[in-house]
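J.: Supplied structure: input.tsv, TSV, C-alpha atoms.
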```tsv
chain	number	residue	atom	x	y	z
A	1	MET	CA	139.63	-184.10	-168.75
A	2	LYS	CA	136.97	-181.68	-170.04
A	3	ILE	CA	134.57	-184.60	-170.57
A	4	GLN	CA	135.21	-185.86	-167.02
A	5	LEU	CA	134.55	-182.42	-165.59
A	6	LEU	CA	131.36	-182.16	-167.64
A	7	ILE	CA	130.17	-185.55	-166.36
A	8	ILE	CA	130.93	-184.55	-162.76
A	9	SER	CA	129.10	-181.27	-163.27
A	10	ILE	CA	126.05	-183.08	-164.65
A	11	ILE	CA	126.02	-185.54	-161.71
A	12	VAL	CA	126.34	-182.75	-159.15
A	13	SER	CA	123.60	-180.74	-160.87
A	14	ALA	CA	121.30	-183.76	-160.95
A	15	LYS	CA	121.86	-184.44	-157.24
A	16	LEU	CA	121.23	-180.80	-156.39
A	17	CYS	CA	118.07	-180.76	-158.48
A	18	SER	CA	116.84	-183.93	-156.78
A	19	ALA	CA	117.56	-182.49	-153.34
A	20	GLN	CA	115.76	-179.25	-154.16
A	21	THR	CA	112.74	-181.21	-155.35
A	22	ASN	CA	112.66	-183.06	-152.04
A	23	TYR	CA	113.14	-179.82	-150.11
A	24	SER	CA	110.12	-178.39	-151.89
A	25	LYS	CA	108.01	-181.46	-151.19
A	26	ILE	CA	108.88	-181.36	-147.48
A	27	PHE	CA	108.27	-177.63	-147.31
A	28	ASP	CA	104.91	-177.92	-149.09
A	29	TYR	CA	103.86	-180.77	-146.80
A	30	TYR	CA	104.69	-178.89	-143.60
A	31	SER	CA	103.10	-175.64	-144.76
A	32	SER	CA	99.90	-177.31	-145.98
A	33	GLU	CA	99.45	-179.97	-143.30
A	34	LYS	CA	101.56	-179.02	-140.29
A	35	ASP	CA	100.55	-175.36	-140.02
A	36	PHE	CA	104.06	-174.14	-140.79
A	37	ASN	CA	104.21	-170.36	-140.93
A	38	GLY	CA	107.70	-169.09	-141.59
A	39	VAL	CA	110.82	-169.27	-143.73
A	40	VAL	CA	113.25	-172.09	-144.55
A	41	LEU	CA	116.80	-171.63	-145.84
A	42	ILE	CA	119.36	-174.27	-146.82
A	43	ALA	CA	122.87	-173.33	-147.88
A	44	THR	CA	126.14	-175.02	-148.83
A	45	ASN	CA	129.42	-173.18	-148.21
A	46	GLY	CA	127.40	-170.03	-147.53
A	47	LYS	CA	125.54	-170.19	-150.87
A	48	THR	CA	121.77	-170.57	-150.78
A	49	ASP	CA	120.40	-173.85	-152.17
A	50	PHE	CA	116.80	-173.41	-151.07
A	51	LEU	CA	114.79	-170.47	-149.75
A	52	GLU	CA	111.01	-170.47	-149.32
A	53	ALA	CA	108.39	-168.71	-147.21
A	54	ALA	CA	104.81	-169.60	-146.29
A	55	GLY	CA	102.06	-168.48	-143.97
A	56	ILE	CA	100.78	-165.30	-142.40
A	57	ALA	CA	102.83	-162.52	-140.82
A	58	ASN	CA	99.89	-160.61	-139.36
A	59	ARG	CA	96.54	-162.34	-138.96
A	60	GLN	CA	94.62	-159.10	-138.44
A	61	ASN	CA	95.27	-157.93	-141.99
A	62	ASN	CA	96.30	-161.27	-143.53
A	63	THR	CA	99.78	-160.04	-144.49
A	64	PRO	CA	101.84	-162.92	-145.91
A	65	ILE	CA	105.28	-163.93	-144.70
A	66	ASN	CA	108.04	-163.53	-147.29
A	67	THR	CA	111.74	-164.30	-147.38
A	68	LYS	CA	112.58	-160.77	-146.20
A	69	SER	CA	110.29	-160.94	-143.16
A	70	LYS	CA	111.88	-160.20	-139.79
A	71	PHE	CA	111.43	-162.61	-136.91
A	72	LYS	CA	112.08	-162.54	-133.20
A	73	ILE	CA	114.92	-165.05	-132.95
A	74	ALA	CA	114.58	-165.73	-129.21
A	75	SER	CA	117.53	-167.69	-127.80
A	76	ILE	CA	119.57	-167.53	-130.99
A	77	THR	CA	120.43	-164.18	-129.36
A	78	LYS	CA	122.60	-166.20	-126.95
A	79	THR	CA	124.95	-167.18	-129.79
A	80	PHE	CA	125.55	-163.50	-130.51
A	81	THR	CA	126.31	-162.99	-126.83
A	82	ALA	CA	128.72	-165.94	-126.85
A	83	VAL	CA	130.52	-164.50	-129.90
A	84	LEU	CA	130.93	-161.12	-128.20
A	85	ILE	CA	132.40	-162.83	-125.12
A	86	LEU	CA	134.80	-164.85	-127.28
A	87	GLN	CA	135.87	-161.74	-129.17
A	88	LEU	CA	136.81	-160.17	-125.82
A	89	PHE	CA	138.63	-163.41	-124.98
A	90	GLN	CA	140.62	-163.15	-128.23
A	91	GLN	CA	141.57	-159.59	-127.33
A	92	GLY	CA	142.80	-160.64	-123.90
A	93	LYS	CA	140.09	-158.60	-122.17
A	94	ILE	CA	138.30	-161.49	-120.46
A	95	ASP	CA	139.41	-164.71	-118.78
A	96	LEU	CA	136.83	-167.46	-119.23
A	97	ASN	CA	137.89	-168.93	-115.89
A	98	ALA	CA	137.51	-165.65	-114.01
A	99	THR	CA	134.45	-165.10	-111.82
A	100	ILE	CA	131.50	-162.76	-112.28
A	101	GLY	CA	132.83	-160.35	-109.67
A	102	THR	CA	136.06	-159.80	-111.63
A	103	TYR	CA	134.17	-157.82	-114.26
A	104	PHE	CA	130.91	-157.03	-112.50
A	105	PRO	CA	131.86	-155.97	-108.96
A	106	GLU	CA	128.35	-154.61	-108.24
A	107	TYR	CA	126.85	-158.10	-108.59
A	108	LYS	CA	125.27	-159.09	-105.26
A	109	GLY	CA	124.64	-162.83	-105.53
A	110	GLU	CA	126.53	-165.73	-103.94
A	111	ALA	CA	127.84	-166.54	-107.43
A	112	LYS	CA	129.97	-163.36	-107.47
A	113	ASN	CA	133.25	-165.04	-106.52
A	114	LYS	CA	132.31	-168.65	-107.34
A	115	VAL	CA	130.78	-168.72	-110.83
A	116	THR	CA	133.03	-168.25	-113.86
A	117	ILE	CA	132.36	-166.95	-117.36
A	118	HIS	CA	132.66	-170.57	-118.56
A	119	HIS	CA	129.94	-171.64	-116.14
A	120	LEU	CA	127.62	-168.92	-117.46
A	121	LEU	CA	128.31	-169.86	-121.08
A	122	THR	CA	127.47	-173.52	-120.37
A	123	TYR	CA	124.41	-173.01	-118.14
A	124	SER	CA	126.21	-174.67	-115.26
A	125	SER	CA	126.36	-171.69	-112.89
A	126	GLY	CA	124.10	-173.14	-110.21
A	127	ILE	CA	122.28	-169.79	-110.05
A	128	PRO	CA	118.50	-170.31	-109.58
A	129	ASN	CA	116.46	-169.97	-112.75
A	130	CYS	CA	115.59	-166.31	-113.25
A	131	GLU	CA	111.98	-167.21	-114.01
A	132	GLY	CA	111.55	-168.91	-110.64
A	133	ASN	CA	108.03	-170.20	-110.17
A	134	THR	CA	106.51	-167.24	-111.99
A	135	GLY	CA	107.28	-168.32	-115.55
A	136	ILE	CA	106.62	-165.51	-117.99
A	137	ALA	CA	105.69	-163.00	-115.27
A	138	VAL	CA	109.29	-161.74	-115.00
A	139	TYR	CA	109.03	-160.58	-118.62
A	140	GLN	CA	105.67	-158.84	-118.23
A	141	THR	CA	106.74	-155.89	-116.10
A	142	PRO	CA	109.21	-153.28	-117.36
A	143	ILE	CA	112.48	-153.39	-115.44
A	144	SER	CA	116.08	-152.28	-115.97
A	145	VAL	CA	118.77	-154.87	-116.66
A	146	ASP	CA	120.51	-154.19	-113.35
A	147	ASP	CA	117.26	-154.49	-111.41
A	148	PHE	CA	116.40	-157.69	-113.29
A	149	ILE	CA	119.77	-159.16	-112.32
A	150	THR	CA	119.41	-158.04	-108.71
A	151	ASN	CA	115.84	-159.31	-108.38
A	152	HIS	CA	115.97	-162.49	-110.45
A	153	CYS	CA	119.60	-163.58	-111.02
A	154	SER	CA	121.27	-163.08	-107.65
A	155	GLY	CA	119.91	-165.76	-105.34
A	156	ASN	CA	121.96	-168.27	-103.37
A	157	LEU	CA	123.47	-171.07	-105.45
A	158	ILE	CA	121.37	-174.22	-105.63
A	159	VAL	CA	124.19	-176.48	-106.83
A	160	GLU	CA	127.97	-176.30	-107.02
A	161	PRO	CA	129.05	-174.38	-110.17
A	162	GLY	CA	130.10	-176.59	-113.07
A	163	LYS	CA	128.43	-179.73	-111.75
A	164	LYS	CA	125.00	-179.62	-113.34
A	165	PHE	CA	123.45	-178.30	-116.55
A	166	SER	CA	120.40	-176.13	-115.90
A	167	TYR	CA	119.14	-173.95	-118.75
A	168	ASN	CA	118.72	-170.40	-117.49
A	169	ASN	CA	118.23	-167.12	-119.35
A	170	GLY	CA	119.76	-165.42	-116.33
A	171	ASP	CA	123.23	-166.77	-117.12
A	172	TYR	CA	123.29	-164.97	-120.48
A	173	ILE	CA	121.65	-161.83	-119.10
A	174	ILE	CA	124.59	-161.58	-116.69
A	175	LEU	CA	127.01	-162.17	-119.60
A	176	GLY	CA	125.41	-159.29	-121.51
A	177	ARG	CA	125.98	-156.95	-118.58
A	178	ILE	CA	129.59	-158.14	-118.25
A	179	ILE	CA	130.17	-157.26	-121.93
A	180	GLU	CA	128.93	-153.75	-121.19
A	181	LYS	CA	131.11	-153.44	-118.10
A	182	ILE	CA	134.28	-154.47	-119.95
A	183	THR	CA	133.71	-152.37	-123.06
A	184	GLY	CA	132.00	-149.33	-121.57
A	185	LYS	CA	129.44	-149.60	-124.39
A	186	SER	CA	125.86	-150.84	-124.47
A	187	PHE	CA	125.09	-154.38	-125.55
A	188	SER	CA	123.40	-152.95	-128.64
A	189	GLU	CA	126.50	-150.92	-129.56
A	190	ASN	CA	128.68	-153.99	-129.17
A	191	LEU	CA	126.37	-155.98	-131.43
A	192	LYS	CA	126.46	-153.33	-134.14
A	193	ASN	CA	130.20	-152.61	-133.96
A	194	GLU	CA	131.52	-156.15	-133.59
A	195	ILE	CA	129.06	-158.36	-135.49
A	196	LEU	CA	126.25	-156.66	-137.40
A	197	ASN	CA	128.22	-153.97	-139.23
A	198	PRO	CA	131.24	-156.16	-140.15
A	199	LEU	CA	128.91	-158.84	-141.56
A	200	LYS	CA	126.56	-156.30	-143.19
A	201	MET	CA	123.60	-157.65	-141.24
A	202	GLU	CA	121.34	-154.68	-141.96
A	203	ASN	CA	118.08	-156.33	-140.86
A	204	THR	CA	119.14	-157.51	-137.40
A	205	ASN	CA	119.13	-155.74	-134.05
A	206	LEU	CA	118.12	-155.76	-130.41
A	207	LEU	CA	114.37	-155.31	-129.98
A	208	CYS	CA	112.48	-153.12	-127.53
A	209	SER	CA	108.73	-153.55	-126.98
A	210	LYS	CA	107.97	-149.94	-127.96
A	211	ASP	CA	109.86	-150.20	-131.26
A	212	ILE	CA	108.03	-150.20	-134.59
A	213	ILE	CA	110.06	-152.46	-136.87
A	214	PRO	CA	108.92	-152.61	-140.52
A	215	ALA	CA	108.35	-156.19	-141.72
A	216	LEU	CA	108.56	-157.66	-138.20
A	217	VAL	CA	106.04	-160.50	-138.02
A	218	GLU	CA	103.54	-160.90	-135.19
A	219	THR	CA	103.80	-164.05	-133.07
A	220	TYR	CA	101.00	-166.51	-132.29
A	221	ASN	CA	100.25	-169.60	-130.24
A	222	ILE	CA	97.94	-172.37	-131.38
A	223	ASP	CA	95.17	-173.92	-129.33
A	224	ASP	CA	95.76	-177.65	-129.78
A	225	SER	CA	92.11	-178.57	-129.20
A	226	THR	CA	90.55	-176.07	-131.61
A	227	LYS	CA	93.56	-175.56	-133.92
A	228	THR	CA	92.96	-171.81	-133.81
A	229	PHE	CA	95.68	-169.21	-133.37
A	230	TYR	CA	95.77	-166.49	-130.74
A	231	LYS	CA	98.26	-163.69	-130.13
A	232	ASP	CA	101.08	-164.08	-127.67
A	233	ASP	CA	100.53	-162.67	-124.20
A	234	PRO	CA	101.88	-159.13	-123.78
A	235	MET	CA	105.48	-158.88	-122.63
A	236	TYR	CA	108.52	-156.65	-122.52
A	237	ILE	CA	110.90	-158.38	-124.92
A	238	GLU	CA	113.77	-156.20	-123.68
A	239	ASN	CA	113.67	-158.09	-120.37
A	240	TYR	CA	115.19	-161.03	-122.26
A	241	TYR	CA	118.12	-158.75	-123.16
A	242	ALA	CA	121.27	-160.69	-124.13
A	243	ALA	CA	119.42	-163.99	-123.71
A	244	GLY	CA	116.62	-163.53	-126.24
A	245	ALA	CA	115.69	-160.00	-127.32
A	246	MET	CA	116.96	-159.88	-130.92
A	247	TYR	CA	115.22	-159.97	-134.28
A	248	SER	CA	116.62	-160.88	-137.69
A	249	THR	CA	115.87	-162.16	-141.17
A	250	ILE	CA	116.80	-165.61	-142.34
A	251	GLU	CA	119.33	-164.28	-144.87
A	252	ASP	CA	121.00	-162.17	-142.19
A	253	LEU	CA	121.31	-165.28	-140.03
A	254	LEU	CA	123.09	-167.01	-142.89
A	255	LYS	CA	125.60	-164.15	-142.85
A	256	PHE	CA	126.08	-164.74	-139.12
A	257	ASP	CA	126.51	-168.47	-139.74
A	258	GLU	CA	129.17	-167.76	-142.35
A	259	GLY	CA	130.78	-165.19	-140.08
A	260	ILE	CA	131.35	-167.87	-137.48
A	261	PHE	CA	132.13	-170.93	-139.58
A	262	GLU	CA	134.28	-169.07	-142.13
A	263	ASN	CA	136.25	-167.38	-139.31
A	264	LYS	CA	135.23	-163.87	-140.31
A	265	ILE	CA	134.46	-162.60	-136.79
A	266	LEU	CA	136.39	-165.15	-134.73
A	267	LYS	CA	139.73	-166.83	-135.32
A	268	LYS	CA	139.65	-170.53	-136.17
A	269	LYS	CA	141.22	-171.44	-132.85
A	270	THR	CA	138.47	-169.52	-131.06
A	271	VAL	CA	135.74	-171.12	-133.19
A	272	ASP	CA	137.17	-174.52	-132.26
A	273	LEU	CA	136.91	-173.51	-128.61
A	274	MET	CA	133.36	-172.29	-129.16
A	275	LEU	CA	132.37	-175.63	-130.71
A	276	THR	CA	133.90	-177.80	-128.00
A	277	PRO	CA	131.04	-179.79	-126.43
A	278	TYR	CA	130.83	-180.79	-122.79
A	279	PRO	CA	129.25	-184.27	-122.71
A	280	GLU	CA	128.64	-184.10	-118.96
A	281	LEU	CA	126.51	-181.00	-119.63
A	282	TYR	CA	124.35	-182.50	-122.40
A	283	ASN	CA	126.90	-181.64	-125.11
A	284	VAL	CA	126.45	-177.92	-124.65
A	285	ALA	CA	129.16	-175.75	-126.18
A	286	TYR	CA	129.46	-171.95	-126.21
A	287	GLY	CA	126.27	-170.64	-127.84
A	288	PHE	CA	125.51	-174.02	-129.45
A	289	TRP	CA	124.97	-177.67	-128.71
A	290	VAL	CA	127.48	-179.80	-130.63
A	291	TYR	CA	126.90	-183.51	-131.21
A	292	GLU	CA	126.87	-186.30	-133.80
A	293	SER	CA	123.62	-187.47	-135.34
A	294	LYS	CA	122.84	-190.18	-137.87
A	295	PHE	CA	120.79	-189.56	-141.01
A	296	GLY	CA	120.24	-192.77	-142.93
A	297	ASN	CA	123.69	-194.35	-143.25
A	298	GLN	CA	125.54	-191.06	-142.75
A	299	THR	CA	126.71	-189.51	-139.50
A	300	HIS	CA	127.02	-185.74	-139.28
A	301	LYS	CA	128.61	-183.53	-136.65
A	302	LEU	CA	126.11	-180.77	-135.94
A	303	ALA	CA	126.18	-177.40	-134.24
A	304	ASN	CA	122.60	-176.62	-133.20
A	305	ARG	CA	120.95	-173.57	-131.67
A	306	GLN	CA	117.22	-173.36	-131.08
A	307	GLY	CA	115.10	-170.49	-129.86
A	308	SER	CA	111.58	-170.29	-128.48
A	309	ILE	CA	109.61	-167.49	-126.83
A	310	TRP	CA	105.93	-168.37	-127.11
A	311	GLY	CA	105.10	-168.04	-130.82
A	312	ALA	CA	108.61	-167.00	-131.83
A	313	ASN	CA	110.43	-170.20	-132.75
A	314	ALA	CA	113.68	-170.91	-134.57
A	315	ASN	CA	115.99	-173.79	-135.36
A	316	TRP	CA	119.52	-173.34	-136.74
A	317	VAL	CA	121.70	-176.31	-137.61
A	318	HIS	CA	125.17	-176.21	-139.14
A	319	CYS	CA	126.61	-179.51	-140.40
A	320	ILE	CA	130.27	-179.10	-139.58
A	321	ASN	CA	131.63	-181.93	-141.76
A	322	ASN	CA	130.11	-180.67	-145.04
A	323	ASN	CA	129.56	-176.96	-144.27
A	324	LYS	CA	125.81	-177.06	-144.88
A	325	THR	CA	123.44	-174.75	-143.05
A	326	TYR	CA	119.76	-175.22	-142.23
A	327	ILE	CA	117.75	-172.36	-140.74
A	328	VAL	CA	114.03	-172.43	-140.00
A	329	LEU	CA	112.18	-169.43	-138.55
A	330	SER	CA	108.53	-169.41	-137.53
A	331	ASN	CA	106.08	-167.01	-135.91
A	332	THR	CA	103.96	-169.75	-134.30
A	333	ASN	CA	104.45	-172.75	-132.05
A	334	ALA	CA	102.30	-174.96	-134.29
A	335	THR	CA	105.11	-176.84	-136.06
A	336	ASN	CA	107.87	-179.09	-134.75
A	337	LEU	CA	110.86	-177.26	-136.24
A	338	PRO	CA	113.55	-179.82	-135.25
A	339	GLU	CA	111.50	-182.55	-136.94
A	340	LEU	CA	111.19	-180.44	-140.09
A	341	THR	CA	114.91	-179.65	-140.03
A	342	ASP	CA	115.87	-183.31	-139.61
A	343	LEU	CA	113.83	-184.22	-142.70
A	344	LEU	CA	115.57	-181.49	-144.70
A	345	ILE	CA	118.97	-182.79	-143.60
A	346	LEU	CA	117.98	-186.32	-144.57
A	347	ALA	CA	116.79	-185.09	-147.97
A	348	SER	CA	120.16	-183.46	-148.57
A	349	THR	CA	122.20	-186.63	-147.99
A	350	GLY	CA	121.59	-188.11	-151.45
A	351	GLN	CA	120.18	-191.31	-149.98
A	352	ASN	CA	116.84	-192.91	-150.72
A	353	PHE	CA	114.29	-190.56	-149.28
A	354	THR	CA	110.59	-191.08	-148.67
A	355	ARG	CA	108.76	-187.81	-148.55
A	356	PRO	CA	105.77	-187.35	-146.23
A	357	GLN	CA	102.48	-188.34	-147.83
A	358	SER	CA	99.51	-186.01	-147.82
A	359	THR	CA	96.67	-187.01	-145.51
A	360	LYS	CA	94.25	-184.52	-147.00
A	361	LYS	CA	91.68	-185.52	-149.57
A	362	PRO	CA	92.04	-183.90	-152.99
```
Translate the structure of the given file into structure tokens.

T.:
Amino acid sequence: MKIQLLIISIIVSAKLCSAQTNYSKIFDYYSSEKDFNGVVLIATNGKTDFLEAAGIANRQNNTPINTKSKFKIASITKTFTAVLILQLFQQGKIDLNATIGTYFPEYKGEAKNKVTIHHLLTYSSGIPNCEGNTGIAVYQTPISVDDFITNHCSGNLIVEPGKKFSYNNGDYIILGRIIEKITGKSFSENLKNEILNPLKMENTNLLCSKDIIPALVETYNIDDSTKTFYKDDPMYIENYYAAGAMYSTIEDLLKFDEGIFENKILKKKTVDLMLTPYPELYNVAYGFWVYESKFGNQTHKLANRQGSIWGANANWVHCINNNKTYIVLSNTNATNLPELTDLLILASTGQNFTRPQSTKKP
């Protein structure tokens, strides 16, 4: 028996070593040839298998990114918001089929008595996109959350609720305000009390544009024609609120991942509800997209959450069937993060893997 266990241990170690070698080769390729600036983490059962950083955090003083760097996590914020809603659901304080007006009576839009919490969670509210035709302009003028909702999230419905998927930050901004209405506490307080403190996420919080956050990386866009970087346009990140205003480190996000998938902050039954996809709405779930994807000859069930606000980009994938986690954070828009993540998943499957070949001359 001892010999068998030793043989198994050697085989597992060899496979892990091979996978880590391939992870490194992929990481090196993307950082040297695909302008990747950021951090990559791969974990199994909550334990880190691979963690590497590359690139520049601040191009004015050439500060390097490291594994402790803090990143704006953009729409990954929405998963935190979904968890807070589901915690209230567990406590019997919110009905997912109740309408906005049940908890937010001051809301003025047509959706008040027609759109449910479920519709907001699944981007199927039918409320016009809060960005309208102005794009980023709604985030470039300081405004209170209530005024933002009144001005940008309260128009007449453009489609019957529940009938059509339409990605909209406004849906989660309304959810954030509903959380505050139910609890009598700020969104930030709810984050700290219900998620960040229990999971010991000490490097994660809601961000305000005036804040000075040590180790928070700057964000940059790339000019495709010249391949030069320039700083993001000025904005008030707090306008994104419960839809995209948080920052974190990659190791803190692993704690959040484990908090969800190991049922530390939600009961298993609630996590199952959270991960239930709606195929008619592009497989969206609550705070994730959940779907099956093939890698080589293996099919994996994935929970995926991406985030993107100009240069702030993130991709978080949890393989449900083998409890593996892949998180990629970047401070530029230069690299295709889903493509990079897919290669890392393929490299972890133990199948024949062809790493990308360098196109640069030695």

J.: Which residues, written as number ranges by chain, have at least one atom at most 9 Å from A:Glu131, with all atoms listed in the file counted and residues fewer than 3 positions away on the same chain left out?

T.: A: 128, 134-139, 152-153, 168-170

J.: Write a file of the selected residues as a short mmCIF file (atom, residue, chain, number, x, y, z; two decimals), in the frame of the given file, keeping C-alpha atoms.

T.:
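Listing of result-v2.cif after writing:
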```cif
data_model
loop_
_atom_site.label_atom_id
_atom_site.label_comp_id
_atom_site.auth_asym_id
_atom_site.auth_seq_id
_atom_site.Cartn_x
_atom_site.Cartn_y
_atom_site.Cartn_z
CA PRO A 128 118.50 -170.31 -109.58
CA THR A 134 106.51 -167.24 -111.99
CA GLY A 135 107.28 -168.32 -115.55
CA ILE A 136 106.62 -165.51 -117.99
CA ALA A 137 105.69 -163.00 -115.27
CA VAL A 138 109.29 -161.74 -115.00
CA TYR A 139 109.03 -160.58 -118.62
CA HIS A 152 115.97 -162.49 -110.45
CA CYS A 153 119.60 -163.58 -111.02
CA ASN A 168 118.72 -170.40 -117.49
CA ASN A 169 118.23 -167.12 -119.35
CA GLY A 170 119.76 -165.42 -116.33
#
```

J.: Given the choices A:Asn205, A:Ala303, A:Glu258, A:Thr44, which gets closest to A:Pro277 if the distance is worked out from all atoms listed in the file?

T.: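 Checking each candidate against A:Pro277, we get A:Ala303 as the closest.
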
J.: Identify the residues around (130.8, -157.9, -127.3) within a radius of 12 Å, measuring from only C-alpha atoms in the coordinates stated by the file, and give them as an MDAnalysis selection string.

T.: chainID A and resid 78:91 93:94 175:196 242 265:266

J.: Save the residues we just selected, C-alpha atoms, as a PDB file, keeping the file's coordinate frame?

T.:
```pdb
ATOM      1  CA  LYS A  78     122.600-166.200-126.950  1.00  0.00           C
ATOM      2  CA  THR A  79     124.950-167.180-129.790  1.00  0.00           C
ATOM      3  CA  PHE A  80     125.550-163.500-130.510  1.00  0.00           C
ATOM      4  CA  THR A  81     126.310-162.990-126.830  1.00  0.00           C
ATOM      5  CA  ALA A  82     128.720-165.940-126.850  1.00  0.00           C
ATOM      6  CA  VAL A  83     130.520-164.500-129.900  1.00  0.00           C
ATOM      7  CA  LEU A  84     130.930-161.120-128.200  1.00  0.00           C
ATOM      8  CA  ILE A  85     132.400-162.830-125.120  1.00  0.00           C
ATOM      9  CA  LEU A  86     134.800-164.850-127.280  1.00  0.00           C
ATOM     10  CA  GLN A  87     135.870-161.740-129.170  1.00  0.00           C
ATOM     11  CA  LEU A  88     136.810-160.170-125.820  1.00  0.00           C
ATOM     12  CA  PHE A  89     138.630-163.410-124.980  1.00  0.00           C
ATOM     13  CA  GLN A  90     140.620-163.150-128.230  1.00  0.00           C
ATOM     14  CA  GLN A  91     141.570-159.590-127.330  1.00  0.00           C
ATOM     15  CA  LYS A  93     140.090-158.600-122.170  1.00  0.00           C
ATOM     16  CA  ILE A  94     138.300-161.490-120.460  1.00  0.00           C
ATOM     17  CA  LEU A 175     127.010-162.170-119.600  1.00  0.00           C
ATOM     18  CA  GLY A 176     125.410-159.290-121.510  1.00  0.00           C
ATOM     19  CA  ARG A 177     125.980-156.950-118.580  1.00  0.00           C
ATOM     20  CA  ILE A 178     129.590-158.140-118.250  1.00  0.00           C
ATOM     21  CA  ILE A 179     130.170-157.260-121.930  1.00  0.00           C
ATOM     22  CA  GLU A 180     128.930-153.750-121.190  1.00  0.00           C
ATOM     23  CA  LYS A 181     131.110-153.440-118.100  1.00  0.00           C
ATOM     24  CA  ILE A 182     134.280-154.470-119.950  1.00  0.00           C
ATOM     25  CA  THR A 183     133.710-152.370-123.060  1.00  0.00           C
ATOM     26  CA  GLY A 184     132.000-149.330-121.570  1.00  0.00           C
ATOM     27  CA  LYS A 185     129.440-149.600-124.390  1.00  0.00           C
ATOM     28  CA  SER A 186     125.860-150.840-124.470  1.00  0.00           C
ATOM     29  CA  PHE A 187     125.090-154.380-125.550  1.00  0.00           C
ATOM     30  CA  SER A 188     123.400-152.950-128.640  1.00  0.00           C
ATOM     31  CA  GLU A 189     126.500-150.920-129.560  1.00  0.00           C
ATOM     32  CA  ASN A 190     128.680-153.990-129.170  1.00  0.00           C
ATOM     33  CA  LEU A 191     126.370-155.980-131.430  1.00  0.00           C
ATOM     34  CA  LYS A 192     126.460-153.330-134.140  1.00  0.00           C
ATOM     35  CA  ASN A 193     130.200-152.610-133.960  1.00  0.00           C
ATOM     36  CA  GLU A 194     131.520-156.150-133.590  1.00  0.00           C
ATOM     37  CA  ILE A 195     129.060-158.360-135.490  1.00  0.00           C
ATOM     38  CA  LEU A 196     126.250-156.660-137.400  1.00  0.00           C
ATOM     39  CA  ALA A 242     121.270-160.690-124.130  1.00  0.00           C
ATOM     40  CA  ILE A 265     134.460-162.600-136.790  1.00  0.00           C
ATOM     41  CA  LEU A 266     136.390-165.150-134.730  1.00  0.00           C
TER      42      LEU A 266
END
```

J.: Near A:Asp223, counting all atoms listed in the file, which residues have an atom at most 12 Å away, once you skip same-chain residues fewer than 5 positions from it, shown as a ChimeraX atom specification?

T.: /A:228-232,311,332-334

J.: Tell me which protein, DNA and RNA residues are within 8 Å of A:Tyr241, counting only C-alpha atoms, leaving out same-chain ones fewer than 4 positions away, and put them as a list of chain:residue names.

T.: A:Val145, A:Ile173, A:Gly176, A:Leu206, A:Ile237, A:Ala245, A:Met246

J.: Pick out the closest residue to A:Gly38 from this set: A:Gln298, A:Thr67, A:Ser24, A:Ser154. Count all atoms listed in the file.

T.: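 Ranked by minimum distance to A:Gly38, first place goes to A:Thr67.
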
J.: Could you jot down the atom CA of A:Ala314 to atom CA of A:Ser330 separation for me, Å, one decimal place?

T.: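 Between atom CA of A:Ala314 and atom CA of A:Ser330 the gap works out to 6.1 Å.
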
J.: Which is closest to A:Gly244 among A:Tyr107, A:Trp310, A:Trp289, A:Tyr29, if we use only C-alpha atoms?

T.: A:Trp310

J.: Using only C-alpha atoms, determine which residues lie at most 8 Å from A:Ile345, disregarding the query and same-chain residues fewer than 4 positions distant; provide the list as an MDAnalysis selection string.

T.: chainID A and resid 295 326 341 349

J.: Do a neighbour search on A:Lys114 at 10 Å with only C-alpha atoms, toss out local chain neighbours closer than 3 positions, and write the hits as a PDB file with C-alpha atoms, in the coordinates of the input.

T.:
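Final file, out_37.pdb:
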```
ATOM      1  CA  ALA A  98     137.510-165.650-114.010  1.00  0.00           C
ATOM      2  CA  THR A  99     134.450-165.100-111.820  1.00  0.00           C
ATOM      3  CA  ILE A 100     131.500-162.760-112.280  1.00  0.00           C
ATOM      4  CA  GLY A 101     132.830-160.350-109.670  1.00  0.00           C
ATOM      5  CA  GLY A 109     124.640-162.830-105.530  1.00  0.00           C
ATOM      6  CA  GLU A 110     126.530-165.730-103.940  1.00  0.00           C
ATOM      7  CA  ALA A 111     127.840-166.540-107.430  1.00  0.00           C
ATOM      8  CA  HIS A 119     129.940-171.640-116.140  1.00  0.00           C
ATOM      9  CA  SER A 125     126.360-171.690-112.890  1.00  0.00           C
ATOM     10  CA  GLY A 126     124.100-173.140-110.210  1.00  0.00           C
ATOM     11  CA  LEU A 157     123.470-171.070-105.450  1.00  0.00           C
ATOM     12  CA  GLU A 160     127.970-176.300-107.020  1.00  0.00           C
ATOM     13  CA  PRO A 161     129.050-174.380-110.170  1.00  0.00           C
TER      14      PRO A 161
END
```

J.: Suppose you want the space between atom CA of A:Ile320 and atom CA of A:Ile260; what is it in Å?

T.: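 Interatomic distance, atom CA of A:Ile320 to atom CA of A:Ile260: 11.5 Å.
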
J.: Determine the nearest neighbour of A:Thr276 from the options A:Ser18, A:Thr141, A:Thr122, A:Asn203, counting only C-alpha atoms.

T.: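 Answer, going by the shortest atom-to-atom distance: A:Thr122.
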
J.: For atom CA of A:Val328 and atom CA of A:Val40, quote the distance in Å rounded to one decimal.

T.: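 Going from atom CA of A:Val328 over to atom CA of A:Val40, I get 4.6 Å.
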
J.: Which residue gives the smallest distance to A:Asp171 among A:Lys268, A:Lys200, A:Lys210, A:His118, with only C-alpha atoms counted?

T.: A:His118

J.: Given the choices A:Thr226, A:Thr325, A:Asn156, A:Asn97, which gets closest to A:Asn304 if the distance is worked out from all atoms listed in the file?

T.: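 Closest to A:Asn304 of all the choices is A:Thr325.
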
J.: Would you write out, as CSV, a table of all residues in stretch 20-76 of chain A that have an atom no more than 7 Å from an atom of stretch 335-339 of chain A, listing for each the closest atom pair and the distance in Å to one decimal, considering all atoms listed in the file and ordering rows by chain and rising residue number?

T.:
```
residue,atom,partner,partner_atom,distance
A:Lys34,CA,A:Thr335,CA,5.9
A:Asp35,CA,A:Thr335,CA,6.2
A:Phe36,CA,A:Thr335,CA,5.5
```
